[in-house]
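Here the structure comes first, spelled out in structure tokens, and everything after it is commentary.
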Amino acid sequence: MDDLLHVRSLVNSREGTVKPAIYTDPDIYRLELERIFARSWLFLAHESMIPKAGDFFTTYMGEDAVLVVRQKDGSVEAYLNQCRHRGMRVCHADGGNTRAFTCPYHGWSYGLDGALNSVPLEKEAYRDQLDKSKWGLTRVTRIATYKGLIFGNWDATAPDLEDYLGDMKWYLDGFLDRRAGGTEVLGGVHKWTIDCNWKFAAEQFCSDQYHAPYTHASAIQVLQPTAANKADGSPLGEGQTAKPVWADALGGVQFSGNGHGSAFFFTGKPDANVWVGGQVSAYFREHYPEAVARLGEVRAKRLAGHNTMFPTLSWLNGTQTLRVWHPRGPDKIEVWAFCIGDKEMPDDVKDALIKSHARSFGPAGFLEQDDSENWVEVQKVLKGHMARRTDFCMQMGRGFEERRSDGIPGLTNYTFAETAARGFYQHWADMMSAENWGEIEALAKVSEKELADV
Amino acid sequence: MSDLAILEKPAVANEKLEKLAAEIVRVPLELQREIEQFLYFEASLLDDWRFRDWLELFAEDVSYVLMTNTQSQTRDRRRGVHPPLTYIFNEDKYQLERRVARLETGMAWAEEPPSRTRHLVANLRVLSYDGEVVETASNYHIHRASKQTDLYSFVGTRRDKLRRVGSTWQIFERRMELDQFVLVAPNICILF
């Protein structure tokens, strides 16, 4: 452990405090690109987006532009979207189908397998002495898929994807495995920018149910299925239980491990608190028995809940939004949001879900609008010198962590608790201060024990 | 000789040009003015926070849609291949009314305190008209000033269909494009 930038002094997960410099410091951000983003499993694409050989999708791993490409043998590879000659972006499209990636600068051309196949004037200019086998596109070291989601990792020594997911698999399954046939991405990708640090967004989806009643007060007020709201039409919350579910919720769940976190309410019905149109909630109710058979009752009912897989993949059950918070400097992110539906959904339900997804958590979504505004304003406040030195309070529910005996994994707490936030930042500090994955795993063991034992 | 003489001067026809110019709909000046004034009025209602009045300009069966935008290579476009789009807005009258109701709660934080907007409408073309329905295309530039120093610009095209209602009009279809691939704004919390 070297802790080059003394980040361990900025995060105190035992006391429940963080120093906001972690959201603003450019040196910390540069180290994050190396120690977090070049060592973690990062979401690249959903298999359904690139079904045929030659299909590709362009995305990012941290700030590195990458190409995700379906191979002729059906496998998936990913490469830096960077020509080996002068570093030019070889592909500018958001996606498509191709036989080759040809750099627009000097015309170096690469195959689907990343190999450098042709170089203009190879004979005349290079005198036939360029060893093309050494100048293929830079391949992402490891690619792995989990139930349709494709991930990449630059670190050969990182744990395997499923070990990295750990208990989070249980939660991810509840999102991806409700029906036979799995899921697919419905419609296009929403992309937009928010002037805030990536950790605000990732942490909120990891741990923060607490913001919902107040931040989203306006949406809840106009979309919940009250008689007044239903008078002239179908509010987005049409299929919901009519009162806030936490009013008589049986408890809640938080979880952390490897920085991942998640929460949900225990609800009486499989339709509580879902911001989707009536047709979509009817679909969830109709296929509830199949989900129970596959996942058990708790997870089948879980149609509202927030999740982050460390560092930057987040999703919401029920509203079916899955998003990546691509970092763009210490004070900017690009949000890429995907609508995830069951493959077996009837087409009219898929269409209704695409519309609901945009209406709730697209960039103009009734709920999405409120979140970004908070993060942007916090980031602005942190321009102040004293503001950056002022501790944030992250103490909610500290000391009330437990391990459940009913099969729900992770370190749990009430729905409104910051257990997962403390776990998120501690894992962040561990990754930032560790020189390799062996050290990260050793630190994680200690941290998780401490987190449970305040 | 009057300045209008040029309009009366017989000209030599250019066949290609004539064919192309046939796309320009010869709309009566009166109608053009009426539609123009209607769209300017609509813009002023949004800019003056008269959202309930703004809703009155939309028919009960209105469809109000804004799609995302993607980039694909020319050779893919030629064969009709491009990454899928999705909705930014997909509203009916009721959903538009809910958006207005949201702004009225005083707790829609992205619009609290409310931003100032200017909806500029330009390049208005009437694409077709009959006694009942007028189809238009226009470009918009929405300028939004929010919080202390945040300025946002949204530029694109609206394709509106208006229906004659009494002595005035109602919009019953609005299809919009927005010229951004990655939206350079934290959200869209205003009406377009």
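Every chain in the structure tokens takes a letter, A first, then B, and so on in the order presented; its residues are numbered from 1, and the ligands are numbered from 1 following the presented order.
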How close does chain B get to chain A? List, as JSON lines, each residue of chain B within 7 Å, its nearest atom pair and the distance in Å to one decimal, counting only C-alpha atoms.
```
{"residue": "B:Thr70", "atom": "CA", "partner": "A:Asp94", "partner_atom": "CA", "distance": 6.5}
{"residue": "B:Gln71", "atom": "CA", "partner": "A:Ala93", "partner_atom": "CA", "distance": 5.1}
{"residue": "B:Ser72", "atom": "CA", "partner": "A:Ala93", "partner_atom": "CA", "distance": 4.5}
{"residue": "B:Gln73", "atom": "CA", "partner": "A:Ala93", "partner_atom": "CA", "distance": 5.8}
{"residue": "B:Asp76", "atom": "CA", "partner": "A:Gly96", "partner_atom": "CA", "distance": 6.7}
{"residue": "B:Val81", "atom": "CA", "partner": "A:Gly96", "partner_atom": "CA", "distance": 6.8}
{"residue": "B:His82", "atom": "CA", "partner": "A:Gly96", "partner_atom": "CA", "distance": 6.1}
{"residue": "B:Pro83", "atom": "CA", "partner": "A:Gly95", "partner_atom": "CA", "distance": 5.7}
{"residue": "B:Pro84", "atom": "CA", "partner": "A:Gly188", "partner_atom": "CA", "distance": 4.5}
{"residue": "B:Leu85", "atom": "CA", "partner": "A:Gly188", "partner_atom": "CA", "distance": 4.2}
{"residue": "B:Thr86", "atom": "CA", "partner": "A:Gly188", "partner_atom": "CA", "distance": 4.7}
{"residue": "B:Tyr87", "atom": "CA", "partner": "A:Ala358", "partner_atom": "CA", "distance": 6.0}
{"residue": "B:Ile88", "atom": "CA", "partner": "A:Ala358", "partner_atom": "CA", "distance": 5.9}
{"residue": "B:Phe89", "atom": "CA", "partner": "A:Ala364", "partner_atom": "CA", "distance": 6.9}
{"residue": "B:Asn90", "atom": "CA", "partner": "A:Lys355", "partner_atom": "CA", "distance": 6.7}
{"residue": "B:Tyr94", "atom": "CA", "partner": "A:Gly233", "partner_atom": "CA", "distance": 6.0}
{"residue": "B:Arg98", "atom": "CA", "partner": "A:Val222", "partner_atom": "CA", "distance": 6.3}
{"residue": "B:Ala101", "atom": "CA", "partner": "A:Val222", "partner_atom": "CA", "distance": 6.6}
{"residue": "B:Arg102", "atom": "CA", "partner": "A:Ser218", "partner_atom": "CA", "distance": 5.5}
{"residue": "B:Thr105", "atom": "CA", "partner": "A:Ser218", "partner_atom": "CA", "distance": 5.9}
{"residue": "B:Met107", "atom": "CA", "partner": "A:Ser218", "partner_atom": "CA", "distance": 5.2}
{"residue": "B:Ala108", "atom": "CA", "partner": "A:Ser218", "partner_atom": "CA", "distance": 5.3}
{"residue": "B:Trp109", "atom": "CA", "partner": "A:Asp370", "partner_atom": "CA", "distance": 5.8}
{"residue": "B:Ala110", "atom": "CA", "partner": "A:Glu373", "partner_atom": "CA", "distance": 5.5}
{"residue": "B:Val182", "atom": "CA", "partner": "A:Lys191", "partner_atom": "CA", "distance": 5.0}
{"residue": "B:Leu183", "atom": "CA", "partner": "A:Trp192", "partner_atom": "CA", "distance": 4.3}
{"residue": "B:Val184", "atom": "CA", "partner": "A:Thr193", "partner_atom": "CA", "distance": 5.4}
{"residue": "B:Ala185", "atom": "CA", "partner": "A:Thr193", "partner_atom": "CA", "distance": 5.7}
{"residue": "B:Pro186", "atom": "CA", "partner": "A:Ile194", "partner_atom": "CA", "distance": 4.5}
{"residue": "B:Asn187", "atom": "CA", "partner": "A:Pro363", "partner_atom": "CA", "distance": 4.8}
{"residue": "B:Ile188", "atom": "CA", "partner": "A:Ala364", "partner_atom": "CA", "distance": 4.5}
{"residue": "B:Cys189", "atom": "CA", "partner": "A:Ala364", "partner_atom": "CA", "distance": 5.9}
```
Now that the selection is made, can you save its residues with C-alpha atoms as a compact mmCIF listing (two decimals), in the first residue's frame?
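The resulting again15.txt:
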```txt
# COMPACT_ATOMS: atom_id res chain seq x y z
CA THR B 70 -27.19 9.28 -33.30
CA GLN B 71 -24.15 9.19 -35.51
CA SER B 72 -23.51 6.48 -38.05
CA GLN B 73 -21.18 6.06 -40.97
CA ASP B 76 -24.34 2.35 -42.97
CA VAL B 81 -28.44 0.97 -40.81
CA HIS B 82 -28.12 3.27 -37.83
CA PRO B 83 -28.10 2.87 -34.06
CA PRO B 84 -31.63 2.94 -32.67
CA LEU B 85 -33.17 6.17 -31.40
CA THR B 86 -35.30 6.72 -28.36
CA TYR B 87 -37.72 9.30 -27.02
CA ILE B 88 -36.78 12.39 -25.06
CA PHE B 89 -40.39 13.58 -25.08
CA ASN B 90 -43.34 11.40 -25.92
CA TYR B 94 -52.47 14.62 -20.16
CA ARG B 98 -48.64 16.73 -15.67
CA ALA B 101 -48.50 20.57 -12.77
CA ARG B 102 -45.00 19.54 -11.75
CA THR B 105 -45.56 22.39 -7.19
CA MET B 107 -40.62 21.65 -5.62
CA ALA B 108 -39.41 20.90 -9.15
CA TRP B 109 -35.86 21.72 -8.12
CA ALA B 110 -34.37 21.99 -11.61
CA VAL B 182 -24.69 13.80 -26.44
CA LEU B 183 -27.01 16.29 -24.83
CA VAL B 184 -24.94 19.14 -23.41
CA ALA B 185 -27.27 19.82 -20.48
CA PRO B 186 -27.84 18.09 -17.15
CA ASN B 187 -31.50 17.62 -17.99
CA ILE B 188 -34.38 18.98 -20.01
CA CYS B 189 -36.75 20.50 -17.49
```
Item to check | Spatial neighbours of His143 in chain B, 7 Å, only C-alpha atoms, chain gap at least 2 places, as a ChimeraX atom specification | outcome: /B:117-119,141,145,152-154
Checklist entry - Near range 165-176 of chain B, within 6 Å and counting only C-alpha atoms, which residues show up once chain neighbours fewer than 6 positions away are dropped, as a ChimeraX atom specification? => result /B:57-59,62-66,157-159
Please, could you write that set of residues out with N, CA and C atoms as a PDB file, in the first residue's frame?
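Final output, out_39.pdb:
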```pdb
ATOM      1  N   LEU B  57     -53.344  25.777 -26.297  1.00  0.00           N
ATOM      2  CA  LEU B  57     -53.019  25.825 -27.728  1.00  0.00           C
ATOM      3  C   LEU B  57     -52.831  24.432 -28.316  1.00  0.00           C
ATOM      4  N   PHE B  58     -52.920  23.411 -27.456  1.00  0.00           N
ATOM      5  CA  PHE B  58     -52.732  22.039 -27.940  1.00  0.00           C
ATOM      6  C   PHE B  58     -54.052  21.279 -27.903  1.00  0.00           C
ATOM      7  N   ALA B  59     -54.311  20.520 -28.971  1.00  0.00           N
ATOM      8  CA  ALA B  59     -55.565  19.764 -29.084  1.00  0.00           C
ATOM      9  C   ALA B  59     -55.578  18.621 -28.067  1.00  0.00           C
ATOM     10  N   VAL B  62     -53.345  15.641 -28.948  1.00  0.00           N
ATOM     11  CA  VAL B  62     -52.000  16.022 -29.400  1.00  0.00           C
ATOM     12  C   VAL B  62     -50.977  14.910 -29.145  1.00  0.00           C
ATOM     13  N   SER B  63     -50.031  14.827 -30.063  1.00  0.00           N
ATOM     14  CA  SER B  63     -48.875  13.949 -29.893  1.00  0.00           C
ATOM     15  C   SER B  63     -47.631  14.826 -30.005  1.00  0.00           C
ATOM     16  N   TYR B  64     -46.808  14.804 -28.965  1.00  0.00           N
ATOM     17  CA  TYR B  64     -45.693  15.756 -28.808  1.00  0.00           C
ATOM     18  C   TYR B  64     -44.433  14.926 -28.600  1.00  0.00           C
ATOM     19  N   VAL B  65     -43.576  14.873 -29.622  1.00  0.00           N
ATOM     20  CA  VAL B  65     -42.480  13.891 -29.614  1.00  0.00           C
ATOM     21  C   VAL B  65     -41.143  14.536 -29.968  1.00  0.00           C
ATOM     22  N   LEU B  66     -40.145  14.236 -29.166  1.00  0.00           N
ATOM     23  CA  LEU B  66     -38.759  14.618 -29.482  1.00  0.00           C
ATOM     24  C   LEU B  66     -37.903  13.365 -29.369  1.00  0.00           C
ATOM     25  N   THR B 157     -35.368  21.393 -35.156  1.00  0.00           N
ATOM     26  CA  THR B 157     -36.518  21.620 -36.034  1.00  0.00           C
ATOM     27  C   THR B 157     -37.787  21.085 -35.384  1.00  0.00           C
ATOM     28  N   ARG B 158     -38.860  21.812 -35.583  1.00  0.00           N
ATOM     29  CA  ARG B 158     -40.188  21.351 -35.177  1.00  0.00           C
ATOM     30  C   ARG B 158     -41.012  21.128 -36.434  1.00  0.00           C
ATOM     31  N   ARG B 159     -41.702  20.040 -36.490  1.00  0.00           N
ATOM     32  CA  ARG B 159     -42.710  19.843 -37.542  1.00  0.00           C
ATOM     33  C   ARG B 159     -44.064  19.797 -36.865  1.00  0.00           C
TER      34      ARG B 159
END
```
Checklist entry - Within 7 Å of range 117-133 of chain A, counting only C-alpha atoms, which residues qualify if same-chain residues fewer than 3 places away don't, as a ChimeraX atom specification? => result /A:107-111,136
Name the residues of range 257-437 of chain A that come out as strand (DSSP E) in a backbone DSSP run; write them as an mmCIF file with C-alpha atoms, in the first residue's frame.
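The resulting file, selection.cif, is shown below:
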```cif
data_model
loop_
_atom_site.group_PDB
_atom_site.id
_atom_site.type_symbol
_atom_site.label_atom_id
_atom_site.label_comp_id
_atom_site.auth_asym_id
_atom_site.auth_seq_id
_atom_site.Cartn_x
_atom_site.Cartn_y
_atom_site.Cartn_z
ATOM 1 C CA GLY A 257 -18.882 -5.451 -0.680
ATOM 2 C CA HIS A 260 -21.247 -2.339 -4.654
ATOM 3 C CA GLY A 261 -24.498 -1.333 -3.010
ATOM 4 C CA SER A 262 -28.193 -1.703 -3.291
ATOM 5 C CA ALA A 263 -31.437 -1.086 -1.438
ATOM 6 C CA PHE A 264 -35.113 -1.895 -1.656
ATOM 7 C CA PHE A 265 -38.280 -1.990 0.376
ATOM 8 C CA GLY A 305 -34.800 -0.429 -5.773
ATOM 9 C CA HIS A 306 -31.527 1.240 -6.597
ATOM 10 C CA ASN A 307 -28.161 -0.367 -7.289
ATOM 11 C CA THR A 308 -24.554 0.440 -8.161
ATOM 12 C CA MET A 309 -21.959 -2.046 -9.243
ATOM 13 C CA LEU A 313 -22.764 0.935 -13.432
ATOM 14 C CA SER A 314 -26.126 1.693 -11.852
ATOM 15 C CA TRP A 315 -29.659 0.470 -12.382
ATOM 16 C CA LEU A 316 -33.182 0.784 -11.056
ATOM 17 C CA ASN A 317 -35.465 -2.210 -10.872
ATOM 18 C CA THR A 321 -32.998 1.960 -16.405
ATOM 19 C CA LEU A 322 -29.360 0.849 -16.547
ATOM 20 C CA ARG A 323 -26.741 3.544 -16.809
ATOM 21 C CA VAL A 324 -23.041 4.201 -16.856
ATOM 22 C CA TRP A 325 -21.566 7.366 -15.362
ATOM 23 C CA HIS A 326 -18.601 7.937 -17.687
ATOM 24 C CA PRO A 327 -16.126 10.247 -15.930
ATOM 25 C CA ILE A 333 -19.800 13.014 -16.328
ATOM 26 C CA GLU A 334 -21.568 11.659 -19.352
ATOM 27 C CA VAL A 335 -24.612 9.610 -18.475
ATOM 28 C CA TRP A 336 -25.407 6.764 -20.877
ATOM 29 C CA ALA A 337 -28.786 5.273 -20.015
ATOM 30 C CA PHE A 338 -30.171 2.044 -21.476
ATOM 31 C CA CYS A 339 -33.729 0.711 -21.161
ATOM 32 C CA ILE A 340 -33.625 -2.980 -20.230
ATOM 33 C CA GLY A 341 -36.592 -5.250 -20.962
ATOM 34 C CA ASP A 342 -37.287 -8.966 -20.950
ATOM 35 C CA PHE A 392 -19.698 15.528 4.741
ATOM 36 C CA CYS A 393 -21.866 13.583 7.189
#
```
Checklist entry - as a count of residues only, which residues of range 130-350 of chain A does DSSP assign to alpha helix (DSSP H)? => result 65
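If you count only C-alpha atoms and ignore residues fewer than 6 places along the chain from Leu127 in chain B, what sits within 9 Å of it is Glu23, Ile24, Val25, Val27, Val134, Glu135, Thr136 and Ala137 of chain B.
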Checklist entry - Skipping near chain neighbours, those fewer than 3 positions away, what residues fall within 12 Å of range 30-32 of chain A using only C-alpha atoms, listed as number ranges by chain? => result A: 3-7, 22-27, 35-40, 61-63, 197-199, 311, 327-330, 428-435
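Checking B:Glu36, B:Asp179, B:Asp61, B:Asp53 one by one against Lys93 in chain B, counting only C-alpha atoms, you find the shortest gap at B:Asp61.
Interatomic distance, CA of Asp55 in chain A to CA of Ala144 in chain A: 17.5 Å.
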Name the residues in contact with range 400-412 of chain A at a cut-off of 9 Å, using only C-alpha atoms, excluding same-chain residues fewer than 6 positions from it; report them as an mmCIF file with N, CA and C atoms, in the first residue's frame.
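Output (out31.cif):
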```
data_model
loop_
_atom_site.group_PDB
_atom_site.id
_atom_site.type_symbol
_atom_site.label_atom_id
_atom_site.label_comp_id
_atom_site.auth_asym_id
_atom_site.auth_seq_id
_atom_site.Cartn_x
_atom_site.Cartn_y
_atom_site.Cartn_z
ATOM 1 N N ASP A 167 -21.752 -10.866 -3.831
ATOM 2 C CA ASP A 167 -23.169 -10.903 -3.464
ATOM 3 C C ASP A 167 -24.034 -10.063 -4.400
ATOM 4 N N MET A 168 -23.402 -9.164 -5.127
ATOM 5 C CA MET A 168 -24.167 -8.303 -6.039
ATOM 6 C C MET A 168 -24.841 -9.114 -7.136
ATOM 7 N N TRP A 170 -26.656 -11.671 -6.763
ATOM 8 C CA TRP A 170 -28.009 -11.966 -6.283
ATOM 9 C C TRP A 170 -28.959 -10.833 -6.671
ATOM 10 N N TYR A 171 -28.446 -9.596 -6.539
ATOM 11 C CA TYR A 171 -29.255 -8.419 -6.864
ATOM 12 C C TYR A 171 -29.372 -8.222 -8.374
ATOM 13 N N GLY A 252 -35.797 -2.844 5.274
ATOM 14 C CA GLY A 252 -35.142 -2.571 4.003
ATOM 15 C C GLY A 252 -33.831 -3.292 3.937
ATOM 16 N N VAL A 253 -33.109 -3.037 2.894
ATOM 17 C CA VAL A 253 -31.860 -3.752 2.730
ATOM 18 C C VAL A 253 -30.795 -2.818 2.209
ATOM 19 N N GLN A 254 -29.631 -2.923 2.740
ATOM 20 C CA GLN A 254 -28.477 -2.258 2.166
ATOM 21 C C GLN A 254 -27.404 -3.322 2.034
ATOM 22 N N PHE A 255 -26.460 -3.065 1.213
ATOM 23 C CA PHE A 255 -25.452 -4.090 0.993
ATOM 24 C C PHE A 255 -24.179 -3.424 0.543
ATOM 25 N N SER A 256 -23.073 -3.885 0.982
ATOM 26 C CA SER A 256 -21.845 -3.434 0.349
ATOM 27 C C SER A 256 -20.801 -4.522 0.417
ATOM 28 N N GLY A 257 -19.945 -4.466 -0.532
ATOM 29 C CA GLY A 257 -18.882 -5.451 -0.680
ATOM 30 C C GLY A 257 -18.256 -5.105 -2.001
ATOM 31 N N GLY A 261 -23.444 -1.584 -3.986
ATOM 32 C CA GLY A 261 -24.498 -1.333 -3.010
ATOM 33 C C GLY A 261 -25.863 -1.326 -3.646
ATOM 34 N N ALA A 263 -30.409 -1.105 -2.485
ATOM 35 C CA ALA A 263 -31.437 -1.086 -1.438
ATOM 36 C C ALA A 263 -32.808 -1.289 -2.043
ATOM 37 N N VAL A 298 -38.958 -12.694 -2.578
ATOM 38 C CA VAL A 298 -38.406 -11.373 -2.235
ATOM 39 C C VAL A 298 -37.897 -10.651 -3.474
ATOM 40 N N THR A 419 -25.042 2.727 5.004
ATOM 41 C CA THR A 419 -24.099 1.605 5.078
ATOM 42 C C THR A 419 -23.385 1.409 3.743
ATOM 43 N N ALA A 420 -24.156 1.402 2.660
ATOM 44 C CA ALA A 420 -23.551 1.150 1.349
ATOM 45 C C ALA A 420 -22.658 2.308 0.922
ATOM 46 N N GLU A 448 -14.364 -4.521 5.344
ATOM 47 C CA GLU A 448 -15.716 -5.062 5.479
ATOM 48 C C GLU A 448 -15.994 -5.507 6.906
ATOM 49 N N LEU A 451 -16.574 -2.291 8.880
ATOM 50 C CA LEU A 451 -17.856 -1.681 8.532
ATOM 51 C C LEU A 451 -18.995 -2.328 9.314
ATOM 52 N N ALA A 452 -18.861 -3.639 9.522
ATOM 53 C CA ALA A 452 -19.924 -4.384 10.189
ATOM 54 C C ALA A 452 -19.811 -4.289 11.705
ATOM 55 N N ASP A 453 -18.713 -3.726 12.164
ATOM 56 C CA ASP A 453 -18.368 -3.854 13.570
ATOM 57 C C ASP A 453 -18.018 -2.484 14.155
ATOM 58 N N VAL A 454 -18.955 -1.546 14.024
ATOM 59 C CA VAL A 454 -18.687 -0.184 14.509
ATOM 60 C C VAL A 454 -18.886 -0.109 16.020
#
```
